[in-house]
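S.K.: Provided below: start_10.txt, containing compact mmCIF, C-alpha atoms.
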```
# COMPACT_ATOMS: atom_id res chain seq x y z
CA MET A 3 101.10 94.16 -57.91
CA TYR A 4 101.97 95.93 -54.70
CA LEU A 5 104.65 96.01 -52.09
CA TYR A 6 103.98 95.63 -48.42
CA SER A 7 106.24 95.60 -45.42
CA GLY A 8 109.21 93.33 -45.92
CA THR A 9 107.60 91.10 -48.53
CA VAL A 10 108.51 91.43 -52.14
CA THR A 11 106.01 90.69 -54.86
CA ALA A 12 106.72 89.33 -58.27
CA MET A 13 107.05 92.79 -59.79
CA PHE A 14 110.78 92.36 -60.19
CA PHE A 15 110.56 89.20 -62.17
CA LYS A 16 109.79 88.67 -65.81
CA LEU A 17 110.34 85.23 -67.28
CA THR A 18 110.60 84.73 -71.03
CA PRO A 19 109.53 81.22 -72.07
CA THR A 20 111.13 81.47 -75.52
CA SER A 21 114.55 82.81 -74.54
CA GLY A 22 116.41 79.52 -74.77
CA GLN A 23 117.21 79.46 -71.09
CA PRO A 24 115.46 77.34 -68.43
CA LEU A 25 112.91 79.40 -66.51
CA TYR A 26 114.38 78.49 -63.13
CA LEU A 27 117.75 79.91 -64.25
CA GLN A 28 116.08 83.11 -65.40
CA LEU A 29 114.37 83.43 -62.03
CA MET A 30 117.62 82.73 -60.17
CA GLN A 31 119.44 85.37 -62.15
CA GLN A 32 116.74 87.92 -61.59
CA ILE A 33 116.64 87.31 -57.83
CA ARG A 34 120.45 87.48 -57.74
CA HIS A 35 120.41 90.63 -59.79
CA ALA A 36 117.82 92.23 -57.50
CA ALA A 37 120.05 91.42 -54.51
CA GLU A 38 123.14 92.77 -56.26
CA THR A 39 121.55 96.05 -57.20
CA GLY A 40 120.08 96.47 -53.75
CA ALA A 41 116.47 96.13 -54.91
CA LEU A 42 116.31 93.16 -52.56
CA LYS A 43 117.80 93.77 -49.14
CA ASP A 44 119.05 91.51 -46.39
CA GLY A 45 116.07 90.02 -44.55
CA ASP A 46 113.53 90.73 -47.29
CA GLN A 47 110.94 88.02 -47.71
CA LEU A 48 110.14 86.51 -51.07
CA PRO A 49 106.67 85.10 -51.75
CA GLY A 50 106.07 81.43 -51.04
CA ILE A 51 106.52 78.93 -53.86
CA ARG A 52 102.83 78.64 -54.58
CA THR A 53 102.16 82.39 -54.47
CA LEU A 54 105.03 83.23 -56.78
CA ALA A 55 104.14 80.38 -59.15
CA GLU A 56 100.57 81.70 -59.36
CA GLU A 57 101.72 85.29 -59.86
CA LEU A 58 104.21 84.42 -62.57
CA VAL A 59 101.97 81.63 -63.94
CA VAL A 60 104.80 79.12 -64.05
CA SER A 61 105.12 75.60 -62.71
CA PRO A 62 105.73 75.52 -58.94
CA ASN A 63 108.70 73.26 -59.73
CA THR A 64 110.34 76.21 -61.50
CA VAL A 65 110.11 78.40 -58.39
CA ALA A 66 111.05 75.52 -56.06
CA LYS A 67 114.16 74.74 -58.10
CA ALA A 68 115.27 78.38 -58.26
CA TYR A 69 114.74 78.82 -54.51
CA SER A 70 116.57 75.65 -53.60
CA GLU A 71 119.55 76.46 -55.88
CA LEU A 72 119.75 79.94 -54.38
CA GLU A 73 119.62 78.41 -50.92
CA HIS A 74 122.66 76.34 -51.87
CA GLU A 75 124.39 79.51 -52.99
CA GLY A 76 123.58 81.08 -49.64
CA LEU A 77 121.52 83.90 -51.09
CA LEU A 78 118.21 82.62 -49.74
CA GLU A 79 117.20 81.06 -46.50
CA LEU A 80 114.13 78.84 -46.74
CA ARG A 81 112.07 78.56 -43.60
CA GLN A 82 109.45 75.87 -43.37
CA GLY A 83 106.03 77.36 -43.80
CA SER A 84 107.10 80.99 -43.78
CA GLY A 85 108.81 81.38 -47.12
CA ALA A 86 112.17 82.50 -48.43
CA PHE A 87 114.34 85.20 -46.91
CA VAL A 88 117.14 87.07 -48.62
CA CYS A 89 120.54 86.98 -46.94
CA VAL A 90 122.92 89.41 -48.56
CA LYS A 91 126.44 88.69 -47.39
CA ARG A 92 129.61 90.66 -47.94
CA ARG A 93 130.34 88.63 -51.07
CA THR A 94 127.13 89.85 -52.63
CA ARG A 95 128.04 93.44 -51.80
CA SER A 96 131.41 93.18 -53.50
CA LEU A 97 129.54 91.60 -56.37
CA THR A 98 127.34 94.70 -56.42
CA ASP A 99 130.44 96.79 -57.02
CA GLN A 100 131.58 94.40 -59.74
CA VAL A 101 128.22 94.65 -61.43
CA HIS A 102 128.39 98.43 -61.32
CA LEU A 103 131.86 98.33 -62.84
CA ALA A 104 130.78 95.84 -65.51
CA ARG A 105 127.84 98.05 -66.44
CA ARG A 106 130.14 101.02 -66.88
CA ARG A 107 132.46 99.01 -69.11
CA ILE A 108 129.59 97.73 -71.19
CA ARG A 109 128.21 101.25 -71.53
CA GLU A 110 131.60 102.42 -72.79
CA LEU A 111 131.90 99.50 -75.20
CA ILE A 112 128.43 100.13 -76.60
CA GLN A 113 129.25 103.80 -77.06
CA ARG A 114 132.39 102.84 -78.99
CA LEU A 115 130.43 100.46 -81.19
CA ARG A 116 127.84 103.17 -81.86
CA ASP A 117 130.66 105.55 -82.76
CA ASP A 118 131.88 102.91 -85.20
CA GLY A 119 128.50 103.17 -86.86
CA LEU A 120 126.80 100.01 -85.62
CA LEU A 121 123.06 100.11 -85.08
CA ASP A 122 121.68 99.17 -81.66
CA GLU A 123 119.92 96.19 -83.20
CA GLU A 124 123.23 94.88 -84.58
CA ILE A 125 124.93 95.38 -81.23
CA ARG A 126 122.12 93.55 -79.46
CA ARG A 127 122.35 90.61 -81.84
CA ALA A 128 126.11 90.42 -81.41
CA PHE A 129 125.74 90.37 -77.62
CA GLU A 130 123.01 87.75 -77.72
CA ALA A 131 124.98 85.55 -80.10
CA GLU A 132 128.06 85.67 -77.86
CA LEU A 133 126.04 84.91 -74.74
CA LEU A 134 124.58 81.79 -76.31
CA TYR A 135 127.94 80.04 -76.25
CA PRO A 136 128.42 78.06 -73.06
CA ALA A 137 131.27 79.55 -70.96
CA GLU A 138 133.74 76.74 -71.72
CA ILE A 139 133.43 77.15 -75.51
CA ALA A 140 133.75 80.91 -75.21
CA ARG A 141 137.10 80.50 -73.45
CA LYS A 142 138.37 78.24 -76.23
CA ARG A 143 137.52 80.65 -78.99
CA MET B 1 110.95 65.83 -57.54
CA MET B 2 111.26 63.16 -60.24
CA SER B 3 109.79 60.50 -57.98
CA ASP B 4 107.25 57.91 -59.06
CA ASN B 5 105.31 57.99 -62.25
CA VAL B 6 101.57 58.54 -62.13
CA ILE B 7 101.05 57.23 -65.66
CA VAL B 8 103.04 54.45 -67.29
CA THR B 9 102.23 52.67 -70.54
CA GLN B 10 104.01 49.82 -72.29
CA ALA B 11 103.61 49.39 -76.03
CA LEU B 12 100.08 50.72 -75.74
CA SER B 13 98.31 50.47 -79.10
CA LYS B 14 94.90 51.04 -80.57
CA SER B 15 93.69 50.25 -84.05
CA TYR B 16 90.34 51.06 -85.57
CA GLY B 17 90.10 48.55 -88.39
CA SER B 18 93.24 49.07 -90.42
CA ALA B 19 93.87 52.55 -89.01
CA GLU B 20 96.41 52.62 -86.20
CA ALA B 21 95.52 55.47 -83.88
CA VAL B 22 98.17 54.74 -81.25
CA ARG B 23 101.25 52.67 -82.01
CA GLY B 24 103.36 51.06 -79.28
CA LEU B 25 103.27 54.01 -76.93
CA ASN B 26 105.70 53.96 -74.01
CA LEU B 27 104.72 56.87 -71.88
CA SER B 28 105.71 57.83 -68.37
CA VAL B 29 104.28 60.85 -66.62
CA GLY B 30 106.02 62.00 -63.46
CA GLN B 31 104.43 62.70 -60.11
CA ASN B 32 104.09 66.33 -59.01
CA ARG B 33 104.83 67.57 -62.46
CA ILE B 34 102.87 69.37 -65.13
CA THR B 35 103.15 67.31 -68.30
CA ALA B 36 101.86 68.60 -71.62
CA PHE B 37 100.75 66.27 -74.39
CA LEU B 38 101.14 67.81 -77.83
CA GLY B 39 100.33 66.54 -81.28
CA ARG B 40 98.50 67.42 -84.45
CA ASN B 41 94.79 66.74 -84.87
CA GLY B 42 94.36 62.99 -85.11
CA ALA B 43 97.80 62.22 -83.67
CA GLY B 44 96.18 59.92 -81.09
CA LYS B 45 96.11 62.13 -78.00
CA SER B 46 92.44 61.71 -77.11
CA THR B 47 92.53 58.00 -77.86
CA THR B 48 95.48 57.64 -75.51
CA ILE B 49 93.71 59.57 -72.77
CA LYS B 50 90.56 57.50 -73.21
CA MET B 51 92.57 54.29 -72.95
CA LEU B 52 94.15 55.54 -69.71
CA LEU B 53 90.68 56.10 -68.28
CA GLY B 54 89.27 52.78 -69.44
CA MET B 55 86.88 54.39 -71.93
CA VAL B 56 88.58 52.80 -74.93
CA ARG B 57 89.98 49.28 -74.87
CA PRO B 58 93.61 49.00 -76.08
CA SER B 59 94.27 46.64 -79.01
CA ALA B 60 97.62 45.72 -77.44
CA GLY B 61 99.96 46.74 -74.69
CA SER B 62 99.27 47.73 -71.11
CA GLY B 63 99.38 50.64 -68.75
CA THR B 64 98.90 51.85 -65.22
CA VAL B 65 97.50 55.05 -63.79
CA LEU B 66 98.39 55.70 -60.14
CA GLY B 67 99.64 52.13 -60.07
CA LYS B 68 96.31 50.65 -61.19
CA GLN B 69 95.95 48.54 -64.34
CA ILE B 70 93.91 50.48 -66.87
CA THR B 71 92.34 47.39 -68.41
CA ASP B 72 91.19 45.83 -65.14
CA ALA B 73 87.59 46.93 -64.56
CA GLU B 74 87.87 46.92 -60.77
CA GLU B 75 91.20 48.76 -60.65
CA ASN B 76 90.00 51.18 -63.29
CA ARG B 77 86.99 52.13 -61.19
CA GLU B 78 89.31 52.89 -58.31
CA LEU B 79 91.73 54.94 -60.34
CA ARG B 80 88.90 57.03 -61.74
CA ARG B 81 87.92 58.02 -58.22
CA ARG B 82 91.41 59.46 -57.76
CA VAL B 83 91.67 61.14 -61.15
CA ALA B 84 89.78 64.25 -62.26
CA TYR B 85 89.20 64.26 -66.00
CA VAL B 86 87.97 67.01 -68.26
CA ALA B 87 86.99 65.59 -71.63
CA GLU B 88 87.48 67.34 -74.93
CA ASP B 89 83.73 67.74 -75.52
CA LYS B 90 83.02 68.75 -71.87
CA PRO B 91 79.93 66.54 -71.40
CA LEU B 92 77.51 68.02 -68.86
CA TYR B 93 73.77 67.72 -68.25
CA GLY B 94 72.12 70.38 -70.39
CA TYR B 95 68.90 70.53 -68.38
CA MET B 96 70.64 71.48 -65.13
CA THR B 97 71.57 75.02 -64.20
CA VAL B 98 75.17 75.92 -63.39
CA GLU B 99 74.31 75.98 -59.70
CA GLN B 100 72.57 72.60 -59.83
CA THR B 101 75.51 71.09 -61.71
CA ILE B 102 77.97 72.27 -59.07
CA ARG B 103 75.75 71.08 -56.22
CA PHE B 104 75.33 67.72 -57.95
CA ALA B 105 79.09 67.26 -58.39
CA ARG B 106 79.81 68.43 -54.85
CA SER B 107 77.52 65.73 -53.45
CA PHE B 108 79.90 63.03 -54.75
CA TYR B 109 83.02 64.32 -53.05
CA ARG B 110 83.34 64.62 -49.31
CA ASP B 111 86.44 66.77 -49.48
CA TRP B 112 85.09 69.20 -52.08
CA ARG B 113 87.11 72.44 -52.16
CA ALA B 114 84.61 75.16 -51.31
CA ASP B 115 87.43 77.75 -51.47
CA VAL B 116 88.39 76.73 -54.99
CA GLU B 117 84.75 76.65 -56.08
CA LYS B 118 84.23 80.17 -54.73
CA LYS B 119 87.39 81.59 -56.30
CA LEU B 120 86.73 80.09 -59.72
CA LEU B 121 83.08 81.15 -59.67
CA GLU B 122 84.33 84.67 -59.05
CA ASN B 123 87.05 84.50 -61.70
CA TYR B 124 84.94 82.83 -64.33
CA GLN B 125 81.78 84.85 -63.64
CA LEU B 126 79.54 81.94 -64.43
CA PRO B 127 75.80 82.66 -64.52
CA LEU B 128 74.57 80.42 -61.70
CA ARG B 129 70.94 80.25 -62.78
CA ARG B 130 71.51 79.61 -66.47
CA LYS B 131 70.86 76.14 -67.87
CA VAL B 132 73.98 74.37 -69.07
CA LYS B 133 72.53 73.90 -72.56
CA MET B 134 72.30 77.70 -72.85
CA LEU B 135 75.96 78.26 -72.00
CA SER B 136 78.50 79.40 -74.57
CA LYS B 137 81.33 77.01 -75.39
CA GLY B 138 83.76 78.97 -73.25
CA MET B 139 81.38 79.04 -70.27
CA ARG B 140 80.82 75.31 -70.58
CA THR B 141 84.58 74.76 -70.51
CA LYS B 142 84.91 76.97 -67.44
CA LEU B 143 82.21 75.01 -65.64
CA ALA B 144 83.86 71.68 -66.51
CA LEU B 145 87.22 72.98 -65.28
CA LEU B 146 85.70 74.27 -62.06
CA LEU B 147 84.23 70.83 -61.34
CA ALA B 148 87.64 69.19 -61.86
CA PHE B 149 89.68 71.75 -59.93
CA ALA B 150 87.32 71.78 -56.94
CA ARG B 151 87.86 68.09 -56.32
CA ARG B 152 90.95 66.77 -54.54
CA PRO B 153 92.30 64.43 -57.18
CA GLU B 154 95.81 63.01 -57.17
CA LEU B 155 95.97 63.43 -60.91
CA LEU B 156 94.29 65.85 -63.30
CA ILE B 157 93.87 64.68 -66.87
CA LEU B 158 92.67 67.45 -69.16
CA ASP B 159 91.94 67.06 -72.86
CA GLU B 160 92.41 70.43 -74.58
CA PRO B 161 91.29 72.30 -71.49
CA SER B 162 91.74 75.89 -72.67
CA GLU B 163 90.02 75.49 -76.01
CA GLY B 164 87.38 78.17 -76.45
CA LEU B 165 88.46 80.25 -73.46
CA ASP B 166 89.00 83.99 -73.81
CA PRO B 167 92.43 85.37 -72.79
CA VAL B 168 91.23 86.25 -69.28
CA GLY B 169 89.76 82.78 -68.87
CA VAL B 170 93.03 81.24 -70.05
CA GLU B 171 94.95 83.21 -67.45
CA HIS B 172 92.61 82.10 -64.66
CA PHE B 173 92.76 78.53 -65.91
CA LEU B 174 96.57 78.49 -65.92
CA GLN B 175 96.66 80.05 -62.47
CA ALA B 176 94.31 77.41 -61.11
CA LEU B 177 96.41 74.72 -62.78
CA VAL B 178 99.60 76.00 -61.21
CA GLY B 179 97.84 76.33 -57.85
CA ARG B 180 96.67 72.70 -57.87
CA SER B 181 100.13 71.61 -58.91
CA ALA B 182 101.60 73.48 -55.93
CA GLU B 183 99.26 71.42 -53.73
CA GLY B 184 100.84 68.24 -55.08
CA VAL B 185 98.38 67.33 -57.82
CA SER B 186 100.05 65.84 -60.89
CA VAL B 187 98.80 67.21 -64.19
CA PHE B 188 98.64 65.63 -67.64
CA PHE B 189 97.02 67.81 -70.29
CA SER B 190 96.75 67.81 -74.04
CA SER B 191 96.85 71.12 -75.84
CA HIS B 192 97.34 72.96 -79.09
CA GLN B 193 98.21 76.16 -77.27
CA ILE B 194 101.97 76.05 -77.44
CA ALA B 195 102.46 79.42 -75.77
CA GLU B 196 100.52 78.19 -72.72
CA VAL B 197 102.39 74.93 -72.58
CA GLU B 198 105.67 76.78 -72.77
CA ARG B 199 104.73 78.86 -69.73
CA VAL B 200 103.52 76.24 -67.28
CA ALA B 201 104.68 72.77 -68.31
CA ASP B 202 107.61 70.94 -66.73
CA GLN B 203 107.62 68.15 -69.29
CA VAL B 204 106.41 67.87 -72.84
CA CYS B 205 105.47 64.80 -74.87
CA ILE B 206 104.94 65.13 -78.62
CA LEU B 207 102.82 62.51 -80.32
CA GLU B 208 102.75 62.10 -84.09
CA LYS B 209 100.82 59.42 -85.97
CA GLY B 210 100.40 57.47 -82.75
CA CYS B 211 104.12 57.45 -81.89
CA LEU B 212 105.92 59.37 -79.17
CA LEU B 213 108.58 61.53 -80.84
CA VAL B 214 109.67 63.83 -78.03
CA ASP B 215 109.58 63.26 -74.27
CA ALA B 216 111.71 65.87 -72.58
CA SER B 217 111.67 68.48 -69.87
CA LEU B 218 111.19 72.03 -71.05
CA ASP B 219 114.41 72.93 -69.25
CA GLN B 220 116.25 70.47 -71.48
CA LEU B 221 114.56 71.73 -74.61
CA ARG B 222 115.41 75.34 -73.74
CA GLN B 223 118.97 74.49 -72.89
CA PHE B 224 119.89 72.28 -75.82
CA TYR B 225 117.72 73.02 -78.85
CA ARG B 226 119.35 75.61 -81.11
CA ARG B 227 119.19 76.81 -84.65
CA ILE B 228 122.60 77.70 -86.02
CA ASP B 229 122.52 80.03 -89.01
CA LEU B 230 125.68 79.91 -91.06
CA VAL B 231 127.00 81.75 -94.08
CA PHE B 232 129.97 80.45 -96.05
CA SER B 233 131.99 82.01 -98.86
CA SER B 234 131.23 79.08 -101.14
CA THR B 235 128.65 76.28 -101.20
CA PRO B 236 128.71 74.79 -97.70
CA PRO B 237 129.56 71.09 -97.20
CA GLU B 238 126.33 69.79 -95.68
CA ARG B 239 127.62 66.34 -94.84
CA GLU B 240 130.24 67.80 -92.50
CA PHE B 241 127.39 68.80 -90.26
CA ARG B 242 125.57 65.48 -90.09
CA ILE B 243 126.58 64.80 -86.48
CA THR B 244 124.80 63.59 -83.36
CA GLY B 245 122.13 66.02 -82.32
CA VAL B 246 121.67 67.61 -85.73
CA GLU B 247 118.06 66.98 -86.69
CA ARG B 248 117.79 68.94 -89.89
CA ILE B 249 119.93 70.94 -92.29
CA GLN B 250 118.61 73.39 -94.80
CA THR B 251 120.89 74.93 -97.41
CA THR B 252 120.08 77.82 -99.69
CA GLY B 253 123.01 78.99 -101.78
CA ARG B 254 125.82 79.92 -99.42
CA GLN B 255 123.54 79.94 -96.40
CA MET B 256 122.92 77.00 -94.18
CA SER B 257 120.55 76.56 -91.27
CA VAL B 258 121.23 73.72 -88.84
CA PHE B 259 118.54 72.58 -86.41
CA ALA B 260 120.11 70.78 -83.45
CA SER B 261 118.50 69.03 -80.47
CA LYS B 262 121.90 69.00 -78.74
CA ASN B 263 125.57 69.49 -79.54
CA ALA B 264 125.14 73.04 -80.87
CA GLU B 265 128.68 73.81 -79.65
CA ALA B 266 130.12 71.10 -81.91
CA VAL B 267 128.26 72.57 -84.88
CA VAL B 268 129.65 76.01 -84.08
CA GLU B 269 133.18 74.66 -83.75
CA ARG B 270 132.90 72.84 -87.05
CA ALA B 271 131.57 75.97 -88.70
CA HIS B 272 134.59 77.93 -87.47
CA ASP B 273 136.91 75.17 -88.67
CA LEU B 274 135.30 75.40 -92.09
CA ASN B 275 135.74 79.18 -92.11
CA ALA B 276 132.13 80.21 -91.98
CA VAL B 277 131.88 83.96 -92.56
CA SER B 278 128.92 84.28 -90.22
CA VAL B 279 127.81 82.08 -87.34
CA GLU B 280 124.67 82.88 -85.41
CA VAL B 281 123.18 80.69 -82.70
CA VAL B 282 119.50 81.22 -82.03
CA PRO B 283 117.39 79.60 -79.30
CA VAL B 284 114.44 77.60 -80.58
CA GLY B 285 111.00 77.97 -79.06
CA LEU B 286 108.63 75.07 -78.47
CA ARG B 287 106.61 76.07 -81.54
CA ASP B 288 109.62 75.54 -83.80
CA ILE B 289 110.55 72.32 -82.04
CA PHE B 290 107.02 71.06 -82.55
CA LEU B 291 106.89 72.06 -86.22
CA GLU B 292 110.33 70.61 -86.96
CA THR B 293 109.46 67.38 -85.16
CA VAL B 294 106.23 66.72 -86.99
CA LYS B 295 107.62 67.93 -90.32
CA GLU B 296 110.41 65.42 -90.22
CA ASN B 297 108.00 62.53 -90.06
```
For this file, write the structure as structure tokens.

M.R.:
Amino acid sequence: MYLYSGTVTAMFFKLTPTSGQPLYLQLMQQIRHAAETGALKDGDQLPGIRTLAEELVVSPNTVAKAYSELEHEGLLELRQGSGAFVCVKRRTRSLTDQVHLARRRIRELIQRLRDDGLLDEEIRRAFEAELLYPAEIARKR
Amino acid sequence: MMSDNVIVTQALSKSYGSAEAVRGLNLSVGQNRITAFLGRNGAGKSTTIKMLLGMVRPSAGSGTVLGKQITDAEENRELRRRVAYVAEDKPLYGYMTVEQTIRFARSFYRDWRADVEKKLLENYQLPLRRKVKMLSKGMRTKLALLLAFARRPELLILDEPSEGLDPVGVEHFLQALVGRSAEGVSVFFSSHQIAEVERVADQVCILEKGCLLVDASLDQLRQFYRRIDLVFSSTPPEREFRITGVERIQTTGRQMSVFASKNAEAVVERAHDLNAVSVEVVPVGLRDIFLETVKEN
């Protein structure tokens, strides 16, 4: 895996087939995350559907669906024949700040839980269990 | 993307004497998708595939492949020109060398993919001058796959394609599969390699004792199948959890494990209503889904 001018390879992305989440959603989140952290910059080019599918060894439909959903969100611009380009708008930048803030809060929370004597494995399981509830159920609880 | 179906069967059945190999199979395989066909040994996968290709005559029912009737000799000949098939036993001519076999196959197809042939020869490192009968099982499989991938079929039908391949070979095979799919080739393949299926398939069909038990997209399976592990302070009331989507409940003492194909949220809510002391929702991989599905029957 290597990086050459303006084109991003699949090195950012790692899909987990057994995680209980559709692969296209995982890919969307990872592309979004890369844009939010600044790993992907405005104008960066993502590999074409076929190339990325071959690199990740996933169905091309997975990549196509992720790209097209992200195009709807305005994070990607798909150009016929030349691939997908990242467009980071102001919204994404403010999201970057939010993500930074969220990370700090999570770090603090985890520290507190560790202070309370919880093991990292227990904390991880608690997080995973909570994240498995769909958002609407979580609000009800 | 869910356009036409490349394979459709209606109540397709095959009996050998009193043994029913395939029982009233209603299958539809979508265009431009990678569909995996899973099932235990003897579940009827190969028989189904052979019926689709006109190699085994159905006892009842009908089917089409690329819109052509599978039981009509003329239409079947045409569909087989447009389908590339790799059989389970990978039949090849033992007296030919690898090179001769490739040249022989190439002579049948005007639009042979020289680029694919070259790439796969490189990946697979096939010994060009060795006679096919001297090849190892894995090498034989690689050669058969190369011949199928280098054609320009509309549909690839592969019967346990990765069997006998080493891990590097499997990776190259999956890459080639994904590459052909990106070019618009529809894929229907049977497999026992659940981890591979989980990586590349869009859709999965599970056959058990000749019947289709699961036909779902992997996205759906990932999104909806859950195991909910519960602990109660007294013996849990199992019947409270027999709701839509719950496929199986296992109770040991105060612990209960609920396997749900959908509706996991309702199970969780009910568990909270019944004051469960611990509720844990775990995603279920294809392996577990497969095992639970065939166990039930």

S.K.: Please return, as number ranges by chain, all residues of chain B lying within 9 Å of chain A when only C-alpha atoms are considered.

M.R.: B: 1, 32-34, 171, 174-179, 181-183, 195, 198-202, 218-226, 264-265, 268-269, 279-286

S.K.: Between atom CA of Tyr95 of chain B and atom CA of Leu147 of chain B, what is the distance in Å, rounded to a tenth?

M.R.: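 Calculated distance between atom CA of Tyr95 of chain B and atom CA of Leu147 of chain B is 16.9 Å.
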
S.K.: Between atom CA of Gly30 of chain B and atom CA of Gly210 of chain B, what is the distance in Å, rounded to a tenth?

M.R.: 20.6 Å

S.K.: Leaving out segment 33-38 of chain A and any residue of its chain fewer than 2 positions from it, which residues lie within 7 Å of it when counting only C-alpha atoms, given as a PyMOL selection string?

M.R.: chain A and resi 29-31+40-43+90+94-95+97-98

S.K.: I need the chosen residues saved as a short mmCIF file (atom, residue, chain, number, x, y, z; two decimals), in the frame of the given file, with C-alpha atoms.

M.R.:
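This went into again09.cif:
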```
data_model
loop_
_atom_site.label_atom_id
_atom_site.label_comp_id
_atom_site.auth_asym_id
_atom_site.auth_seq_id
_atom_site.Cartn_x
_atom_site.Cartn_y
_atom_site.Cartn_z
CA LEU A 29 114.37 83.43 -62.03
CA MET A 30 117.62 82.73 -60.17
CA GLN A 31 119.44 85.37 -62.15
CA GLY A 40 120.08 96.47 -53.75
CA ALA A 41 116.47 96.13 -54.91
CA LEU A 42 116.31 93.16 -52.56
CA LYS A 43 117.80 93.77 -49.14
CA VAL A 90 122.92 89.41 -48.56
CA THR A 94 127.13 89.85 -52.63
CA ARG A 95 128.04 93.44 -51.80
CA LEU A 97 129.54 91.60 -56.37
CA THR A 98 127.34 94.70 -56.42
#
```

S.K.: As an exercise, work out the distance from atom CA of Ser261 of chain B to atom CA of Val197 of chain B in Å and give it to one decimal place.

M.R.: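 If I compute the distance from atom CA of Ser261 of chain B to atom CA of Val197 of chain B, I get 18.9 Å.
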
S.K.: Rank B:Val294, B:Leu230, B:Ala84, B:Met96 by their smallest atom-to-atom distance to Val214 of chain B, using all atoms listed in the file, and report the top residue only.

M.R.: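 For Val214 of chain B, the nearest of the candidates is B:Val294.
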
S.K.: Have a look at B:Trp112, B:Ile102, B:Lys209, B:Met256 and name the one nearest to Glu20 of chain B; count only C-alpha atoms.

M.R.: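 Using only C-alpha atoms, the shortest distance to Glu20 of chain B belongs to B:Lys209.
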
S.K.: Return the single residue from A:Arg114, A:Leu72, A:Ile108, A:Gln32 that is closest to Val88 of chain A, with distances computed using all atoms listed in the file.

M.R.: A:Leu72

S.K.: Pull the neighbourhood of (111.9, 78.7, -47.9) for me: all residues within 10 Å in file coordinates, counting only C-alpha atoms, as a list of chain:residue names.

M.R.: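 All residues meeting the 10 Å criterion around (111.9, 78.7, -47.9) are A:Gln47, A:Leu48, A:Pro49, A:Gly50, A:Ile51, A:Ala66, A:Tyr69, A:Ser70, A:Glu73, A:Leu78, A:Glu79, A:Leu80, A:Arg81, A:Gln82, A:Gly83, A:Ser84, A:Gly85, A:Ala86, A:Phe87, A:Val88.
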
S.K.: Next, dump the selected residues to file, keeping only C-alpha atoms, as a PDB file, in the coordinates of the input.

M.R.:
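Below you can see part.pdb, which holds the result:
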```
ATOM      1  CA  GLN A  47     110.940  88.020 -47.710  1.00  0.00           C
ATOM      2  CA  LEU A  48     110.140  86.510 -51.070  1.00  0.00           C
ATOM      3  CA  PRO A  49     106.670  85.100 -51.750  1.00  0.00           C
ATOM      4  CA  GLY A  50     106.070  81.430 -51.040  1.00  0.00           C
ATOM      5  CA  ILE A  51     106.520  78.930 -53.860  1.00  0.00           C
ATOM      6  CA  ALA A  66     111.050  75.520 -56.060  1.00  0.00           C
ATOM      7  CA  TYR A  69     114.740  78.820 -54.510  1.00  0.00           C
ATOM      8  CA  SER A  70     116.570  75.650 -53.600  1.00  0.00           C
ATOM      9  CA  GLU A  73     119.620  78.410 -50.920  1.00  0.00           C
ATOM     10  CA  LEU A  78     118.210  82.620 -49.740  1.00  0.00           C
ATOM     11  CA  GLU A  79     117.200  81.060 -46.500  1.00  0.00           C
ATOM     12  CA  LEU A  80     114.130  78.840 -46.740  1.00  0.00           C
ATOM     13  CA  ARG A  81     112.070  78.560 -43.600  1.00  0.00           C
ATOM     14  CA  GLN A  82     109.450  75.870 -43.370  1.00  0.00           C
ATOM     15  CA  GLY A  83     106.030  77.360 -43.800  1.00  0.00           C
ATOM     16  CA  SER A  84     107.100  80.990 -43.780  1.00  0.00           C
ATOM     17  CA  GLY A  85     108.810  81.380 -47.120  1.00  0.00           C
ATOM     18  CA  ALA A  86     112.170  82.500 -48.430  1.00  0.00           C
ATOM     19  CA  PHE A  87     114.340  85.200 -46.910  1.00  0.00           C
ATOM     20  CA  VAL A  88     117.140  87.070 -48.620  1.00  0.00           C
TER      21      VAL A  88
END
```

S.K.: What's the 8 Å shell around Ser257 of chain B, counting only C-alpha atoms, without same-chain residues fewer than 5 positions away, as a ChimeraX atom specification?

M.R.: /B:227-230,249-251

S.K.: Would you list the residues near (130.8, 65.6, -92.1), meaning any protein, DNA or RNA residue with an atom at most 12 Å from that point in file coordinates, counting all atoms listed in the file, as a list of chain:residue names?

M.R.: B:Pro236, B:Pro237, B:Glu238, B:Arg239, B:Glu240, B:Phe241, B:Arg242, B:Ile243, B:Thr244, B:Val246, B:Ala266, B:Val267, B:Arg270, B:Ala271, B:Asp273, B:Leu274

S.K.: Lys91 of chain A: which residues within 9 Å, counting all atoms listed in the file, same-chain residues fewer than 5 positions away excluded, as a list in words?

M.R.: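 So, after excluding close chain neighbours, the residues are Asp44, Gly76 and Leu77 of chain A.
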
S.K.: Write the selection just made, keeping C-alpha atoms, as a CSV table (one decimal), keeping the file's coordinate frame?

M.R.:
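This is the output file part-v2.csv:
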```csv
chain,number,residue,atom,x,y,z
A,44,ASP,CA,119.0,91.5,-46.4
A,76,GLY,CA,123.6,81.1,-49.6
A,77,LEU,CA,121.5,83.9,-51.1
```

S.K.: Could you check the closest approach to Glu124 of chain A for each of A:Ile112, A:Cys89, A:Ala104, A:Leu54 and tell me which residue wins, using all atoms listed in the file?

M.R.: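 That would be A:Ile112, the residue with the smallest distance to Glu124 of chain A.
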
S.K.: Using all atoms of segment 178-189 of chain B listed in the file and a margin of 4 Å per side, can you give the axis-aligned box centre and edge lengths in Å to one decimal, as AutoDock Vina command-line options?

M.R.:
```
--center_x 99.1 --center_y 71.0 --center_z -62.0 --size_x 12.9 --size_y 18.7 --size_z 24.6
```
